[in-house]
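Asks: Can you keep this structure in mind? I'll have questions shortly.
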Amino acid sequence: MINGFNKIKPETFEGNAIQLIGHDWFLITAGSETSFNTMTAAWGGLGYLWNKPVAYIFIRPQRYTYEFAEREDCFTIQFFEKKHRDILKFCGSHSGRDVDKVEHTGLKFFTSENGSVYFEQARLQMECRLLYSDDIRPDRFADDQLLKNYPKNDFHRMYIGEIVECLQKV
């Protein structure tokens, strides 16, 4: 047990990934104990790629977390119970450049053996080792209607990470 969490295999967590990601939202965190940022996300996925369990996330280049994701080998994703929705709302509407999200929300963090950041309030969290990243390109959309998601032409960078650790709250 680690800080009130059990290590589990990624394929054994209970829940619907579409619900967890698209409706309940989640945090993406990158950095180390001394310098990290977290942001709320509602786009991404969990699956199996290159014979590995993976998470894929999307970060726009203007987001502060982008800088951390670009320089780190790992990132974490955290899922919360509905009672923590205010944390997710705050972390999605404020920049870590301007405010200390941990201090403001009361998030309590601890680190993995690899130095990635986890949060005690999460119910499920995954540490992901970066495997691949690439930019979303407007010329590759098969449905031009999707470009409405990018009125400022601020296309996301996609990150695919191998899930190397999965923790579920006891």
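Residue numbering restarts at 1 for every chain of the structure tokens, chains are lettered A, B, ... in their displayed order, and ligands are numbered from 1 as they appear.
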Could you give me, as a list in words, the residues within 12 Å of Leu107 of chain A, counting only C-alpha atoms and dropping anything in the same chain fewer than 3 positions from it?
Replies: Leu27, Asn37, Thr38, Gln78, Phe80, His84, Asp86, Ile87, Leu88, Phe90, Cys91, Asp100, Lys101, Val102, Glu103, His104, Phe110, Val117, Tyr118, Phe119, Glu120, Gln121 and Ala122 of chain A
Asks: What would the file look like if the residues just selected were written as an mmCIF file, in the first residue's frame with C-alpha atoms?
Replies:
```cif
data_model
loop_
_atom_site.group_PDB
_atom_site.id
_atom_site.type_symbol
_atom_site.label_atom_id
_atom_site.label_comp_id
_atom_site.auth_asym_id
_atom_site.auth_seq_id
_atom_site.Cartn_x
_atom_site.Cartn_y
_atom_site.Cartn_z
ATOM 1 C CA LEU A 27 -6.221 15.937 -13.960
ATOM 2 C CA ASN A 37 1.719 21.737 -12.812
ATOM 3 C CA THR A 38 -1.655 20.101 -13.108
ATOM 4 C CA GLN A 78 -5.821 11.391 -11.700
ATOM 5 C CA PHE A 80 -11.630 11.952 -8.512
ATOM 6 C CA HIS A 84 -13.921 16.958 -5.555
ATOM 7 C CA ASP A 86 -14.518 22.050 -7.342
ATOM 8 C CA ILE A 87 -10.843 21.044 -7.531
ATOM 9 C CA LEU A 88 -11.277 20.048 -11.158
ATOM 10 C CA PHE A 90 -10.496 25.395 -10.399
ATOM 11 C CA CYS A 91 -7.582 23.562 -12.044
ATOM 12 C CA ASP A 100 -0.563 27.907 -6.823
ATOM 13 C CA LYS A 101 -3.254 25.322 -7.564
ATOM 14 C CA VAL A 102 -2.124 23.010 -4.757
ATOM 15 C CA GLU A 103 -2.324 25.759 -2.165
ATOM 16 C CA HIS A 104 -5.656 27.094 -3.418
ATOM 17 C CA PHE A 110 3.150 12.628 -2.965
ATOM 18 C CA VAL A 117 3.345 13.577 -8.779
ATOM 19 C CA TYR A 118 0.208 11.926 -7.377
ATOM 20 C CA PHE A 119 -2.616 13.442 -5.295
ATOM 21 C CA GLU A 120 -4.005 11.962 -2.083
ATOM 22 C CA GLN A 121 -7.578 13.046 -2.904
ATOM 23 C CA ALA A 122 -7.711 11.052 -6.166
#
```
Asks: My list of candidates is A:Ile2, A:Val99, A:Ala41, A:Ile160. Which is closest to Ser133 of chain A when distances are computed with only C-alpha atoms?
Replies: A:Ile160
Asks: Which residue is closest to Asn6 of chain A? Choose from A:His23, A:Lys152, A:Arg123, A:Lys83 and count only C-alpha atoms.
Replies: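 Residue with the minimum atom-to-atom distance to Asn6 of chain A: A:Arg123.
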Asks: Looking at only C-alpha atoms, which of A:Glu67, A:Asp73, A:Glu14, A:Glu33 is the one that sits closest to Leu131 of chain A?
Replies: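 Looking only at the distances to Leu131 of chain A, the closest residue turns out to be A:Asp73.
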Asks: Might you pull out every residue within 10 Å of Tyr48 of chain A, with only C-alpha atoms counted and same-chain residues fewer than 4 positions away left off, and present them as an MDAnalysis selection string?
Replies: chainID A and resid 11 52:55 162:163
Asks: Export, as a PDB file, in the first residue's frame, the selected residues with C-alpha atoms.
Replies:
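Saved the output as selection.pdb:
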```pdb
ATOM      1  CA  GLU A  11      -6.651  -3.644 -16.866  1.00  0.00           C
ATOM      2  CA  LYS A  52       1.261  -2.008 -23.742  1.00  0.00           C
ATOM      3  CA  PRO A  53      -1.510  -0.501 -21.625  1.00  0.00           C
ATOM      4  CA  VAL A  54      -1.578   3.186 -22.531  1.00  0.00           C
ATOM      5  CA  ALA A  55      -3.188   6.510 -21.792  1.00  0.00           C
ATOM      6  CA  GLU A 162       2.632   3.523 -21.209  1.00  0.00           C
ATOM      7  CA  ILE A 163       0.799   3.046 -17.923  1.00  0.00           C
TER       8      ILE A 163
END
```
Asks: Contacts of Glu127 of chain A at 7 Å or less, counting only C-alpha atoms, minus same-chain residues fewer than 2 places along, as a list in words?
Replies: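 Using only C-alpha atoms, the neighbours found are Cys74, Phe75, Thr76, Ile77, Gln125, Arg129, Ile163, Val164, Glu165 and Cys166 of chain A.
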Asks: From chain A, collect each residue whose DSSP state is strand (DSSP E or B) and return the set as number ranges by chain.
Replies: A: 2, 5-8, 26-32, 35-41, 44-49, 52-59, 74-79, 109-111, 117-119, 124-135, 157-169
Asks: Among chain A, which residues carry a DSSP assignment of alpha helix (DSSP H), reported as a PDB file with C-alpha atoms, in the first residue's frame?
Replies:
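Output below, filename states13.pdb:
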```
ATOM      1  CA  ALA A  17     -13.190   5.209 -19.492  1.00  0.00           C
ATOM      2  CA  ILE A  18     -15.597   7.350 -21.527  1.00  0.00           C
ATOM      3  CA  TYR A  64       1.345  25.813 -18.524  1.00  0.00           C
ATOM      4  CA  THR A  65       1.323  22.015 -18.124  1.00  0.00           C
ATOM      5  CA  TYR A  66       2.563  21.757 -21.724  1.00  0.00           C
ATOM      6  CA  GLU A  67       6.017  23.035 -20.677  1.00  0.00           C
ATOM      7  CA  PHE A  68       6.288  20.319 -18.035  1.00  0.00           C
ATOM      8  CA  ALA A  69       5.015  17.566 -20.338  1.00  0.00           C
ATOM      9  CA  GLU A  70       7.578  18.578 -22.948  1.00  0.00           C
ATOM     10  CA  ARG A  71      10.540  18.203 -20.617  1.00  0.00           C
ATOM     11  CA  ARG A  85     -15.498  18.581  -8.633  1.00  0.00           C
ATOM     12  CA  ASP A  86     -14.518  22.050  -7.342  1.00  0.00           C
ATOM     13  CA  ILE A  87     -10.843  21.044  -7.531  1.00  0.00           C
ATOM     14  CA  LEU A  88     -11.277  20.048 -11.158  1.00  0.00           C
ATOM     15  CA  LYS A  89     -13.188  23.235 -11.970  1.00  0.00           C
ATOM     16  CA  PHE A  90     -10.496  25.395 -10.399  1.00  0.00           C
ATOM     17  CA  CYS A  91      -7.582  23.562 -12.044  1.00  0.00           C
ATOM     18  CA  GLY A  92      -9.311  23.875 -15.412  1.00  0.00           C
ATOM     19  CA  SER A  93     -10.037  27.582 -15.160  1.00  0.00           C
ATOM     20  CA  LYS A 101      -3.254  25.322  -7.564  1.00  0.00           C
ATOM     21  CA  VAL A 102      -2.124  23.010  -4.757  1.00  0.00           C
ATOM     22  CA  GLU A 103      -2.324  25.759  -2.165  1.00  0.00           C
ATOM     23  CA  HIS A 104      -5.656  27.094  -3.418  1.00  0.00           C
ATOM     24  CA  THR A 105      -7.427  23.726  -3.746  1.00  0.00           C
TER      25      THR A 105
END
```
Asks: Looking at only C-alpha atoms, which of A:Asn3, A:Ser35, A:Thr12, A:Thr40 is the one that sits closest to Lys108 of chain A?
Replies: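 Looking at the shortest contact to Lys108 of chain A, the residue is A:Asn3.
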Asks: Restricting the calculation to only C-alpha atoms: of A:Lys82, A:Val170, A:Arg60, A:Gln19, which residue gets closest to Met1 of chain A?
Replies: A:Val170
Asks: Between A:Met126, A:Lys148, A:Gln62, A:Glu113, which is the closest to Phe26 of chain A once you count only C-alpha atoms?
Replies: A:Met126
Asks: Residues near Met158 of chain A, anyone? I mean within 10 Å using only C-alpha atoms, not counting same-chain ones fewer than 5 positions away, as a PyMOL selection string.
Replies: chain A and resi 44+56-60+132-136
Asks: Emit the selected residues as a PDB file, in the first residue's frame, including C-alpha atoms.
Replies:
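Writing the result to result-v8.pdb gives the following:
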```pdb
ATOM      1  CA  GLY A  44      -8.119  11.568 -23.886  1.00  0.00           C
ATOM      2  CA  TYR A  56      -3.350   9.219 -24.394  1.00  0.00           C
ATOM      3  CA  ILE A  57      -3.831  12.837 -23.473  1.00  0.00           C
ATOM      4  CA  PHE A  58      -4.033  16.155 -25.290  1.00  0.00           C
ATOM      5  CA  ILE A  59      -2.521  19.471 -24.199  1.00  0.00           C
ATOM      6  CA  ARG A  60      -2.734  22.801 -26.015  1.00  0.00           C
ATOM      7  CA  TYR A 132       5.161   9.126 -28.374  1.00  0.00           C
ATOM      8  CA  SER A 133       3.946  12.665 -28.972  1.00  0.00           C
ATOM      9  CA  ASP A 134       2.753  14.500 -32.050  1.00  0.00           C
ATOM     10  CA  ASP A 135       0.800  17.608 -32.973  1.00  0.00           C
ATOM     11  CA  ILE A 136      -2.776  17.506 -34.194  1.00  0.00           C
TER      12      ILE A 136
END
```
